[in-house]
Protein chains: 4
Amino acid sequence: MNFASDNVYGVDDAILAAIGAANETLTAPAYANDDWTRRAEGMLNDVFEREVSVFLVASGTAANGLALSTMAQPFNAILCHADAHISVDECAAPEMFSGGAKLYGIDGAGNKLTAASVEAMLATFVRGEHNSKPAAVSITQATELGTVYTLDELTAITRLAHGRGLKTHMDGARFANALVSLQCTPAEMTWKAGIDALSFGATKNGALALEAVIFFDTALAEDFAYRRMRGGQLLSKGRYLGAQMAAYLKDGLWLDNARRANAHAGRLAAGLAEVPGVRVPLGADANLVFPILPRALHDQLKAAGAVYHLWPGAGPVIDTVGEDEVFARLVTSFATRDEDVDTFIAAARRNS
Amino acid sequence: MNFASDNVYGVDDAILAAIGAANETLTAPAYANDDWTRRAEGMLNDVFEREVSVFLVASGTAANGLALSTMAQPFNAILCHADAHISVDECAAPEMFSGGAKLYGIDGAGNKLTAASVEAMLATFVRGEHNSKPAAVSITQATELGTVYTLDELTAITRLAHGRGLKTHMDGARFANALVSLQCTPAEMTWKAGIDALSFGATKNGALALEAVIFFDTALAEDFAYRRMRGGQLLSKGRYLGAQMAAYLKDGLWLDNARRANAHAGRLAAGLAEVPGVRVPLGADANLVFPILPRALHDQLKAAGAVYHLWPGAGPVIDTVGEDEVFARLVTSFATRDEDVDTFIAAARRNS
Amino acid sequence: MNFASDNVYGVDDAILAAIGAANETLTAPAYANDDWTRRAEGMLNDVFEREVSVFLVASGTAANGLALSTMAQPFNAILCHADAHISVDECAAPEMFSGGAKLYGIDGAGNKLTAASVEAMLATFVRGEHNSKPAAVSITQATELGTVYTLDELTAITRLAHGRGLKTHMDGARFANALVSLQCTPAEMTWKAGIDALSFGATKNGALALEAVIFFDTALAEDFAYRRMRGGQLLSKGRYLGAQMAAYLKDGLWLDNARRANAHAGRLAAGLAEVPGVRVPLGADANLVFPILPRALHDQLKAAGAVYHLWPGAGPVIDTVGEDEVFARLVTSFATRDEDVDTFIAAARRNS
Amino acid sequence: MNFASDNVYGVDDAILAAIGAANETLTAPAYANDDWTRRAEGMLNDVFEREVSVFLVASGTAANGLALSTMAQPFNAILCHADAHISVDECAAPEMFSGGAKLYGIDGAGNKLTAASVEAMLATFVRGEHNSKPAAVSITQATELGTVYTLDELTAITRLAHGRGLKTHMDGARFANALVSLQCTPAEMTWKAGIDALSFGATKNGALALEAVIFFDTALAEDFAYRRMRGGQLLSKGRYLGAQMAAYLKDGLWLDNARRANAHAGRLAAGLAEVPGVRVPLGADANLVFPILPRALHDQLKAAGAVYHLWPGAGPVIDTVGEDEVFARLVTSFATRDEDVDTFIAAARRNS
């Protein structure tokens with residue numbers, strides 16, 4: 001019963017097999033000049049229904065930082081949710097890759113920005129060059145709290161941003177989970193909704209170590225090859241990134257995996273919501289569930305072998321976490337076992 | 001006949017199998033907190049005959065930059081060979097990871113530093129704070145020209161460096177190739193020779209994407225976990241780095257692979273040296289051969305399907321490259337085929 | 001009636017005269033190697049009753065950023081008040097000078113940190129290397145809201161900080177104003193209260209362009225000469241910084257100037273507090289007054305020629321700013337004229 | 001007899017008087033929003049015969065670094081002479097202000113670049129994103145060796161640079177000395193010769209602490225106000241920078257001062273060239289003279305009270321410095337005394 005994170009699970013067999021298959025070719029050009037990478041790029045063009053600029057990397061933190069570095073000079077401000085992964089979970093990597101751009105965290109329920117909250121933050125930049133100059137908005141889809149922006153919500157934010165001269169970045173570490181939740185197309189959730197650059201995550205959804213930085217505003221991509229190299233993200237044996245991506249996209253594997261993970265989360269959320277004393281204040285739109293559990297139940301679940309984290313701070317929740325309660329985070333994966341979900345719900349019921 | 005680089009070859013089967021085996025475990029703690037990583041660390045302690053601080057990463061460029069960032073503040077100077085990989089092949093990644101430390105390139109035959117050349121460079125820092133302050137020396141072992149420092153050469157440099165308050169870094173992208181060339185122990189070639197931190201490369205010698213930053217001066221490692229995270233090199237599914245490393249070291253696979261690569265290079269060098277009109281001015285200590293070829297022969301070899309690069313600049317060679325000659329670089333790998341070496345030499349003979 | 005800032009006023013005549021006097025010497029060693037700088041350093045030793053490390057610079061923003069760069073590596077966190085000058089008014093200069101350290105803003109009435117609020121912030125760093133690592137606390141004395149920390153308040157914060165391994169920085173842009181407000185010694189307000197490094201401001205209190213970075217924890221000063229040079233703050237004709245500082249300190253000029261400025265502010269605050277409809281919610285400990293004015297009165301004061309700024313955001317104030325009110329900031333200076341204070345109060349009374 | 005540097009001399013009386021005059025106005029808007037700054041900007045428009053973007057700062061190192069930061073991203077290369085001030089005398093400040101751009105030093109007699117030498121350096125960038133991407137050429141006028149580029153030489157370099165997509169920067173720390181040497185207009189020596197941005201130095205030629213960053217390619221200036229603020233170079237009492245600049249330019253003071261300094265250097269060079277055993281291998285185009293002196297003579301001159309520096313390295317000189325010789329640098333200033341030049345030459349003659 002491991003719900004600690006989606007990345008505690010391994011690699012999808014099909015992706016592992018693709019790595020193996022790529023190894024059967026004796027030699028391949030290094031540094032992303034290989035056929036597998038070309039194929040992956042072509043497939044991503046298809047996925048997004050247009051030509052996009054694609055750069056494969058091994059780390060989501062690097063993908064975010066490098067993407068943001070194309071939008072924000074060191075004297076610029078990047079607006080994001082106050083609890084966004086880029087702000088609180090990446091040890092100031094965006095600051096590193098951008099050379100010192102400053103992140104401005106915006107509060108908001110469910111870890112979501114709104115056009116209004118972004119506008120309110122922009123209104124605080126009244127001191128001219130004594131402040132950083134706003135240049136980018138970063139939106140996490142799905143959010144770190146498992147909520148998903150609707151297309152209208154996304155569009156409202158990006159329209160405001162573009163109207164103010166800001167570029168827009170989507171942290172899509174859980175892009176697939178959000179996508180299948182919205183039941184829209186990748187194009188609709190990105191460039192049609194005003195996104196300029198995307199960190200397209202695959203690792204959490206079945207890859208070994210694979211993210212793509214994808215530019216819809218292709219002018220931003222102009223010198224990105226240099227940025228990726230300088231950032232230590234141009235792997236020499238690039239064929240294994242290309243092969244992972246091709247397998248990830250092939251026959252909709254990525255969507256199937258995300259649907260499976262989301263279904264697990266939906267079942268968990270529904271099951272827990274029925275347990276007396278447990279509340280699930282946030283919708284489990286994607287593959288994360290954030291129940292408020294009685295502390296006693298939490299202890300019993302842990303004793304029963306359940307693995308998951310408590311979420312630091314209760315700020316983002318609409319509901320209040322009581323003194324004898326905990327705010328837990330359960331993450332499901334494509335590889336989460338049905339029986340683990342069942343067992344967890346049963347254990348919660350039994351001990352409630 | 002692909003001698004373009006060692007990294008055009010794939011992954012050693014044993015390492016690929018280890019990745020597959022690691023995937024059979026359903027879940028593993030993320031972010032380098034897994035058993036495979038622990039095992040790899042233990043094995044590296046054994047390899048180096050002492051406790052060392054180990055951090056696995058996916059990129060050699062990042063390994064170098066992150067290691068150097070522990071030694072050099074932004075106002076510091078890092079001394080290295082003028083043609084060192086960190087200086088000419090990493091798009092200023094050391095500058096990025098260190099926050100702006102300045103590299104000072106030192107000329108020297110065979111891409112080698114000497115205690116004397118380092119001392120001469122240090123003597124140029126006469127302007128106090130108007131210059132950067134020297135803080136580190138980086139030595140590539142084996143060098144980018146395939147030469148290998150002897151233990152005495154290494155020790156002379158590190159002794160000088162330490163005497164002047166400088167830390168010492170070894171770029172060991174081809175560590176194993178140098179090691180089997182010297183027939184010494186890993187301990188002898190590193191901390192016993194005065195090395196404080198090592199970029200221990202595995203990718204070029206059979207891994208998929210794997211380097212280790214290893215600290216012998218463990219004080220340098222104190223906050224390295226933060227640096228690795230911030231640098232986008234803390235992979236979430238860390239078990240696959242750990243598994244690669246364990247397989248790489250197991251039963252001396254890494255040494256066998258390096259011996260095979262070096263033997264190929266030795267054969268190539270010997271074979272080419274006997275071809276009329278061809279000169280091999282540098283010793284092929286490791287797995288690189290740098291022949292001077294008549295241009296006509298070069299064209300014929302290319303036509304025959306040989307793949308290799310010409311080396312930019314003839315500066316580092318002792319010999320002179322004539323107008324009708326080229327300075328070529330041939331790299332061999334653990335996976336280079338015997339017959340490719342034979343065919344190449346035969347083709348050279350035939351066309352000479 | 002100019003209360004826009006203390007830096008809209010000019011240079012104290014004695015300081016200007018000292019610059020002129022320094023110019024009578026034909027030549028002086030450049031780059032802070034001159035006698036005036038030596039003298040200033042000696043005087044600062046006397047002021048602080050011990051040997052301190054002194055570095056003169058021309059900019060307060062640079063002083064803060066450079067001082068903080070000695071305490072915080074790029075992966076570190078600097079804790080400060082959410083409305084601290086370093087956080088909201090320096091265009092991310094601390095991030096630049098430190099190479100990317102992240103500022104964590106802490107809320108608190110009167111722009112003050114407390115040991116408790118710092119401790120609460122430290123408690124949020126629960127994610128290991130996924131967060132920045134706290135390394136420094138920066139305290140503004142006097143604060144941007146004109147409040148002044150008591151010695152006990154300072155000591156409580158620095159004791160906590162040191163206990164957690166953090167260094168302590170004081171942004172003393174208005175150091176003198178705070179000092180004469182507390183009626184304590186410079187030593188008591190700094191190193192005896194646990195401060196490791198100080199940005200000692202002189203510009204706002206009568207100098208032309210002069211700040212000193214002063215280290216009490218002199219280990220932090222070790223390579224500061226390099227940092228100052230690299231930061232563009234080592235002026236070639238350093239004698240004019242030294243001369244300014246010597247004149248600033250001589251015969252207590254700096255204290256007299258601060259007393260005069262504070263007295264103006266005190267009179268303003270007292271006078272305004274008696275005006276019907278006006279509230280002065282914060283104590284005017286130093287040379288700043290933050291009255292809440294009826295908007296109509298504000299318009300009339302402006303029409304009468306008063307120059308001052310409205311303060312962005314009412315967050316830090318204990319009191320509430322009504323719809324028809326404004327939150328104004330009045331700053332007094334050593335050179336503010338008595339009659340301007342009188343006229344302003346009279347105008348406020350007349351129009352209330 | 002102080003020839004150590006131009007910056008060991010003080011402030012021109014007219015400039016000092018202007019600072020005093022600016023102080024007679026009680027208040028002035030802070031942060032470069034004052035009338036003196038406006039006036040200085042207008043005068044610089046006149047000087048350059050067109051509208052230019054002007055930003056006053058206090059430090060030449062900062063002026064260079066900030067100007068270059070508008071041209072070079074962190075992954076970019078800046079080409080300059082191997083012995084350029086920005087490369088060897090600024091403690092990696094350009095790297096700081098640009099966030100890590102890499103300087104590529106080009107050798108060349110008399111510290112001069114040529115179109116050919118720049119082109120040859122550009123030809124070495126053959127490794128795509130594994131190298132930094134060239135983005136800017138920085139030219140020092142007058143050079144650190146006192147030589148002056150002709151307009152044709154400048155134009156040849158900038159034409160090449162622009163043809164390759166590179167921007168051009170002029171380090172004009174001794175701009176006036178070069179200008180009066182060439183007897184051309186400021187426009188001819190800058191934008192008409194293809195310069196995009198200029199560090200316009202005044203400190204060495206009589207100001208207290210004053211440089212201007214001037215953009216001819218005004219697109220580069222777009223966000224420069226943020227860069228200057230973030231770099232700690234937006235002085236709060238900006239009127240004193242504006243006043244210095246206005247006085248510096250008024251009635252051609254800057255040109256007169258430069259002519260006087262150059263004349264001193266010309267006399268020194270001519271006088272020394274006639275001394276037996278002394279050689280002056282480089283033309284003293286500006287206000288620097290680099291004689292090769294017999295070591296015995298050098299000792300005697302020092303004993304006679306002459307102050308000057310030996311120049312590190314003899315590389316840039318066409319002539320060879322013998323074992324019993326020294327390579328000296330003599331710098332003259334607007335304030336150098338005639339009699340000091342006379343005395344020095346006489347002493348050299350007497351002791352030769």
# chains A, B, ... in the order shown; residues from 1 in each chain; ligands from 1

call {"tool": "interface_residues", "arguments": {"of": "chain A", "to": "chain D", "cutoff": "8 Å", "atoms": "only C-alpha atoms", "output": "mmCIF file with C-alpha atoms, in the first residue's frame"}}
result
data_model
loop_
_atom_site.group_PDB
_atom_site.id
_atom_site.type_symbol
_atom_site.label_atom_id
_atom_site.label_comp_id
_atom_site.auth_asym_id
_atom_site.auth_seq_id
_atom_site.Cartn_x
_atom_site.Cartn_y
_atom_site.Cartn_z
ATOM 1 C CA PRO A 74 17.649 37.728 -13.855
ATOM 2 C CA PHE A 75 15.900 41.026 -13.139
ATOM 3 C CA GLY A 99 20.394 33.369 -13.233
ATOM 4 C CA GLU A 129 13.012 49.249 -11.317
ATOM 5 C CA HIS A 130 13.134 48.910 -7.534
ATOM 6 C CA SER A 132 11.706 42.963 -10.337
ATOM 7 C CA LYS A 133 9.878 43.253 -13.646
ATOM 8 C CA ALA A 225 20.049 23.850 -27.182
ATOM 9 C CA TYR A 226 22.737 25.919 -25.499
ATOM 10 C CA ARG A 227 20.725 26.240 -22.319
ATOM 11 C CA MET A 229 23.774 21.720 -22.696
ATOM 12 C CA ARG A 230 24.944 24.280 -20.181
#

call {"tool": "residues_around", "arguments": {"residues": "Gly163 of chain D", "least_positions_apart": "4", "cutoff": "12 Å", "atoms": "only C-alpha atoms", "output": "ChimeraX atom specification"}}
result
/D:115,119,122,135-136,155-159,167-168,194

call {"tool": "atom_distance", "arguments": {"atom1": "atom CA of Glu24 of chain C", "atom2": "atom CA of Ser333 of chain D"}}
result
15.7 Å

call {"tool": "select_by_dssp", "arguments": {"residues": "segment 159-335 of chain C", "states": "strand (DSSP E or B)", "output": "VMD selection string"}}
result
chain C and resid 167 to 172 197 to 201 211 to 215 279 288 to 289 292 to 294 307 309 to 310 325 to 331

call {"tool": "atom_distance", "arguments": {"atom1": "atom CA of Leu208 of chain B", "atom2": "atom CA of Glu222 of chain B"}}
result
27.8 Å

call {"tool": "select_by_dssp", "arguments": {"residues": "segment 70-254 of chain C", "states": "helix (DSSP H, G or I)", "output": "tab-separated table (two decimals) with N, CA and C atoms, in the first residue's frame"}}
result
chain	number	residue	atom	x	y	z
C	85	HIS	N	13.39	45.79	2.79
C	85	HIS	CA	13.95	46.47	1.61
C	85	HIS	C	14.66	45.47	0.71
C	86	ILE	N	15.43	44.56	1.30
C	86	ILE	CA	16.16	43.60	0.47
C	86	ILE	C	15.20	42.71	-0.33
C	87	SER	N	13.99	42.55	0.17
C	87	SER	CA	13.06	41.65	-0.51
C	87	SER	C	12.20	42.37	-1.54
C	88	VAL	N	11.81	43.59	-1.25
C	88	VAL	CA	10.83	44.24	-2.13
C	88	VAL	C	11.33	45.50	-2.82
C	93	ALA	N	18.57	42.25	-6.08
C	93	ALA	CA	20.02	42.38	-5.96
C	93	ALA	C	20.63	41.36	-4.98
C	94	PRO	N	20.00	41.06	-3.87
C	94	PRO	CA	20.60	40.02	-3.01
C	94	PRO	C	20.73	38.69	-3.74
C	95	GLU	N	19.74	38.40	-4.59
C	95	GLU	CA	19.82	37.18	-5.37
C	95	GLU	C	21.00	37.27	-6.34
C	96	MET	N	21.24	38.43	-6.89
C	96	MET	CA	22.36	38.57	-7.81
C	96	MET	C	23.69	38.41	-7.08
C	97	PHE	N	23.87	39.16	-6.02
C	97	PHE	CA	25.18	39.14	-5.36
C	97	PHE	C	25.46	37.79	-4.71
C	98	SER	N	24.41	37.10	-4.29
C	98	SER	CA	24.61	35.79	-3.66
C	98	SER	C	24.62	34.66	-4.69
C	109	ALA	N	4.02	42.52	12.37
C	109	ALA	CA	3.58	43.90	12.56
C	109	ALA	C	4.78	44.84	12.62
C	110	GLY	N	4.61	46.02	12.09
C	110	GLY	CA	5.66	47.03	12.17
C	110	GLY	C	6.92	46.63	11.43
C	111	ASN	N	6.78	45.72	10.47
C	111	ASN	CA	7.92	45.22	9.68
C	111	ASN	C	8.99	44.56	10.54
C	115	ALA	N	11.70	36.41	17.34
C	115	ALA	CA	12.29	35.08	17.45
C	115	ALA	C	11.23	34.03	17.12
C	116	ALA	N	10.02	34.27	17.55
C	116	ALA	CA	8.96	33.29	17.30
C	116	ALA	C	8.62	33.19	15.81
C	117	SER	N	8.57	34.33	15.16
C	117	SER	CA	8.20	34.27	13.73
C	117	SER	C	9.32	33.66	12.90
C	118	VAL	N	10.55	33.90	13.30
C	118	VAL	CA	11.67	33.27	12.60
C	118	VAL	C	11.64	31.77	12.85
C	119	GLU	N	11.36	31.40	14.07
C	119	GLU	CA	11.31	29.98	14.41
C	119	GLU	C	10.19	29.29	13.63
C	120	ALA	N	9.06	29.97	13.53
C	120	ALA	CA	7.95	29.37	12.79
C	120	ALA	C	8.32	29.19	11.32
C	121	MET	N	9.01	30.14	10.77
C	121	MET	CA	9.43	30.00	9.37
C	121	MET	C	10.42	28.84	9.23
C	122	LEU	N	11.36	28.77	10.15
C	122	LEU	CA	12.33	27.67	10.07
C	122	LEU	C	11.63	26.32	10.14
C	128	GLY	N	14.04	18.74	3.45
C	128	GLY	CA	15.44	18.43	3.15
C	128	GLY	C	15.93	19.22	1.96
C	129	GLU	N	16.67	18.59	1.09
C	129	GLU	CA	17.30	19.31	-0.02
C	129	GLU	C	16.30	19.75	-1.09
C	130	HIS	N	15.04	19.40	-0.92
C	130	HIS	CA	14.04	19.93	-1.87
C	130	HIS	C	13.71	21.38	-1.55
C	151	LEU	N	16.98	46.14	22.08
C	151	LEU	CA	18.12	45.23	22.18
C	151	LEU	C	17.66	43.83	22.53
C	152	ASP	N	16.64	43.73	23.36
C	152	ASP	CA	16.14	42.40	23.71
C	152	ASP	C	15.53	41.69	22.51
C	153	GLU	N	14.82	42.46	21.72
C	153	GLU	CA	14.22	41.84	20.52
C	153	GLU	C	15.31	41.35	19.57
C	154	LEU	N	16.31	42.18	19.39
C	154	LEU	CA	17.43	41.77	18.52
C	154	LEU	C	18.08	40.51	19.05
C	155	THR	N	18.39	40.54	20.32
C	155	THR	CA	19.11	39.42	20.91
C	155	THR	C	18.32	38.13	20.83
C	156	ALA	N	17.03	38.24	21.02
C	156	ALA	CA	16.20	37.03	20.94
C	156	ALA	C	16.29	36.42	19.55
C	157	ILE	N	16.27	37.26	18.54
C	157	ILE	CA	16.33	36.74	17.16
C	157	ILE	C	17.71	36.15	16.86
C	158	THR	N	18.75	36.88	17.22
C	158	THR	CA	20.09	36.40	16.86
C	158	THR	C	20.45	35.13	17.64
C	159	ARG	N	19.96	35.06	18.89
C	159	ARG	CA	20.23	33.86	19.68
C	159	ARG	C	19.59	32.64	19.01
C	160	LEU	N	18.35	32.82	18.60
C	160	LEU	CA	17.68	31.73	17.89
C	160	LEU	C	18.44	31.38	16.61
C	161	ALA	N	18.79	32.40	15.85
C	161	ALA	CA	19.47	32.16	14.57
C	161	ALA	C	20.77	31.40	14.79
C	162	HIS	N	21.59	31.90	15.69
C	162	HIS	CA	22.86	31.23	15.93
C	162	HIS	C	22.67	29.81	16.43
C	163	GLY	N	21.66	29.63	17.24
C	163	GLY	CA	21.36	28.29	17.74
C	163	GLY	C	21.03	27.31	16.62
C	175	PHE	N	20.83	53.13	10.34
C	175	PHE	CA	21.46	52.66	11.57
C	175	PHE	C	21.52	53.76	12.63
C	176	ALA	N	21.96	54.93	12.21
C	176	ALA	CA	22.12	56.03	13.18
C	176	ALA	C	20.78	56.44	13.78
C	177	ASN	N	19.75	56.43	12.96
C	177	ASN	CA	18.44	56.82	13.47
C	177	ASN	C	17.95	55.83	14.53
C	178	ALA	N	18.22	54.56	14.29
C	178	ALA	CA	17.84	53.56	15.28
C	178	ALA	C	18.67	53.72	16.55
C	179	LEU	N	19.95	53.98	16.35
C	179	LEU	CA	20.87	54.04	17.48
C	179	LEU	C	20.51	55.15	18.45
C	180	VAL	N	20.28	56.33	17.93
C	180	VAL	CA	19.96	57.43	18.84
C	180	VAL	C	18.57	57.25	19.42
C	181	SER	N	17.74	56.51	18.73
C	181	SER	CA	16.42	56.21	19.28
C	181	SER	C	16.54	55.31	20.50
C	182	LEU	N	17.40	54.32	20.41
C	182	LEU	CA	17.58	53.38	21.52
C	182	LEU	C	18.47	53.95	22.61
C	186	PRO	N	26.79	51.71	19.66
C	186	PRO	CA	26.84	50.90	18.44
C	186	PRO	C	27.20	49.44	18.73
C	187	ALA	N	28.07	49.23	19.67
C	187	ALA	CA	28.43	47.85	20.02
C	187	ALA	C	27.23	47.10	20.57
C	188	GLU	N	26.48	47.77	21.42
C	188	GLU	CA	25.31	47.09	21.99
C	188	GLU	C	24.27	46.73	20.94
C	189	MET	N	24.15	47.57	19.93
C	189	MET	CA	23.10	47.33	18.93
C	189	MET	C	23.56	46.36	17.85
C	191	TRP	N	27.21	43.74	17.55
C	191	TRP	CA	27.82	42.46	17.92
C	191	TRP	C	27.46	42.01	19.32
C	192	LYS	N	27.25	42.96	20.22
C	192	LYS	CA	26.82	42.53	21.56
C	192	LYS	C	25.40	41.97	21.52
C	193	ALA	N	24.65	42.36	20.51
C	193	ALA	CA	23.30	41.81	20.32
C	193	ALA	C	23.30	40.63	19.34
C	203	THR	N	24.56	57.35	3.62
C	203	THR	CA	24.01	58.21	2.57
C	203	THR	C	22.74	58.91	3.02
C	204	LYS	N	21.81	58.16	3.61
C	204	LYS	CA	20.53	58.76	4.00
C	204	LYS	C	20.70	59.79	5.11
C	205	ASN	N	21.82	59.74	5.79
C	205	ASN	CA	22.03	60.58	6.96
C	205	ASN	C	23.10	61.66	6.71
C	218	THR	N	34.47	38.11	11.78
C	218	THR	CA	35.45	38.52	10.77
C	218	THR	C	35.82	37.38	9.82
C	219	ALA	N	35.47	36.15	10.16
C	219	ALA	CA	35.71	35.06	9.21
C	219	ALA	C	34.91	35.30	7.93
C	220	LEU	N	33.77	35.93	8.07
C	220	LEU	CA	32.95	36.22	6.88
C	220	LEU	C	33.64	37.19	5.92
C	221	ALA	N	34.56	37.96	6.46
C	221	ALA	CA	35.22	39.01	5.67
C	221	ALA	C	36.38	38.48	4.84
C	224	PHE	N	36.19	39.05	1.20
C	224	PHE	CA	35.23	40.10	0.83
C	224	PHE	C	35.83	41.11	-0.15
C	225	ALA	N	37.13	41.31	-0.10
C	225	ALA	CA	37.75	42.24	-1.06
C	225	ALA	C	37.47	41.80	-2.49
C	226	TYR	N	37.50	40.48	-2.72
C	226	TYR	CA	37.17	39.98	-4.05
C	226	TYR	C	35.70	40.22	-4.39
C	227	ARG	N	34.85	39.97	-3.42
C	227	ARG	CA	33.42	40.17	-3.67
C	227	ARG	C	33.13	41.64	-4.01
C	228	ARG	N	33.73	42.56	-3.25
C	228	ARG	CA	33.49	43.98	-3.50
C	228	ARG	C	33.97	44.38	-4.88
C	229	MET	N	35.15	43.91	-5.25
C	229	MET	CA	35.68	44.24	-6.57
C	229	MET	C	34.77	43.70	-7.65
C	230	ARG	N	34.46	42.41	-7.56
C	230	ARG	CA	33.63	41.75	-8.56
C	230	ARG	C	32.24	42.39	-8.64
C	239	ARG	N	39.70	57.46	-1.86
C	239	ARG	CA	39.90	58.44	-0.79
C	239	ARG	C	38.63	59.23	-0.50
C	240	TYR	N	37.77	59.37	-1.49
C	240	TYR	CA	36.58	60.19	-1.27
C	240	TYR	C	35.51	59.44	-0.47
C	241	LEU	N	35.57	58.12	-0.48
C	241	LEU	CA	34.72	57.36	0.44
C	241	LEU	C	35.29	57.45	1.85
C	242	GLY	N	36.59	57.27	1.94
C	242	GLY	CA	37.23	57.36	3.26
C	242	GLY	C	37.02	58.73	3.89
C	243	ALA	N	37.16	59.76	3.07
C	243	ALA	CA	37.00	61.12	3.60
C	243	ALA	C	35.56	61.37	4.07
C	244	GLN	N	34.61	60.87	3.31
C	244	GLN	CA	33.22	61.01	3.72
C	244	GLN	C	32.99	60.34	5.08
C	245	MET	N	33.51	59.13	5.20
C	245	MET	CA	33.24	58.38	6.43
C	245	MET	C	33.90	59.06	7.64
C	246	ALA	N	35.12	59.51	7.44
C	246	ALA	CA	35.81	60.17	8.55
C	246	ALA	C	35.04	61.40	9.00
C	247	ALA	N	34.55	62.16	8.03
C	247	ALA	CA	33.79	63.36	8.39
C	247	ALA	C	32.44	63.00	9.01
C	248	TYR	N	31.87	61.93	8.52
C	248	TYR	CA	30.56	61.49	9.01
C	248	TYR	C	30.64	61.13	10.50
C	249	LEU	N	31.74	60.48	10.86
C	249	LEU	CA	31.88	60.02	12.24
C	249	LEU	C	32.44	61.09	13.17
C	250	LYS	N	33.17	62.04	12.57
C	250	LYS	CA	33.94	62.99	13.39
C	250	LYS	C	33.04	63.80	14.31
C	251	ASP	N	33.42	63.88	15.55
C	251	ASP	CA	32.69	64.68	16.54
C	251	ASP	C	31.21	64.33	16.60
C	252	GLY	N	30.90	63.10	16.27
C	252	GLY	CA	29.51	62.66	16.40
C	252	GLY	C	28.55	63.29	15.41
C	253	LEU	N	29.07	63.74	14.28
C	253	LEU	CA	28.18	64.34	13.29
C	253	LEU	C	27.02	63.42	12.95
C	254	TRP	N	27.35	62.14	12.76
C	254	TRP	CA	26.31	61.17	12.36
C	254	TRP	C	25.21	61.06	13.40

call {"tool": "residues_around", "arguments": {"residues": "segment 274-278 of chain D", "least_positions_apart": "3", "cutoff": "12 Å", "atoms": "only C-alpha atoms", "output": "PyMOL selection string"}}
result
chain D and resi 267-271+281+290-298+319+321-322+324-328+344-352

call {"tool": "residues_around", "arguments": {"residues": "Arg260 of chain A", "least_positions_apart": "4", "cutoff": "7 Å", "atoms": "only C-alpha atoms", "output": "PyMOL selection string"}}
result
chain A and resi 256+264+334

call {"tool": "decode", "arguments": {"residues": "segment 145-149 of chain D", "atoms": "N, CA, C and O atoms", "output": "compact mmCIF listing (two decimals), in the first residue's frame"}}
result
# COMPACT_ATOMS: atom_id res chain seq x y z
N LEU D 145 47.10 49.17 -23.16
CA LEU D 145 48.51 49.46 -23.47
C LEU D 145 48.67 50.85 -24.06
O LEU D 145 49.74 51.18 -24.59
N GLY D 146 47.61 51.63 -24.01
CA GLY D 146 47.73 53.01 -24.46
C GLY D 146 47.68 53.18 -25.96
O GLY D 146 47.91 54.28 -26.47
N THR D 147 47.41 52.10 -26.66
CA THR D 147 47.25 52.22 -28.11
C THR D 147 45.80 52.61 -28.42
O THR D 147 44.91 52.44 -27.60
N VAL D 148 45.61 53.13 -29.61
CA VAL D 148 44.29 53.60 -30.00
C VAL D 148 43.92 53.00 -31.34
O VAL D 148 44.72 53.03 -32.29
N TYR D 149 42.74 52.42 -31.41
CA TYR D 149 42.24 51.89 -32.68
C TYR D 149 41.95 53.06 -33.63
O TYR D 149 41.33 54.06 -33.21
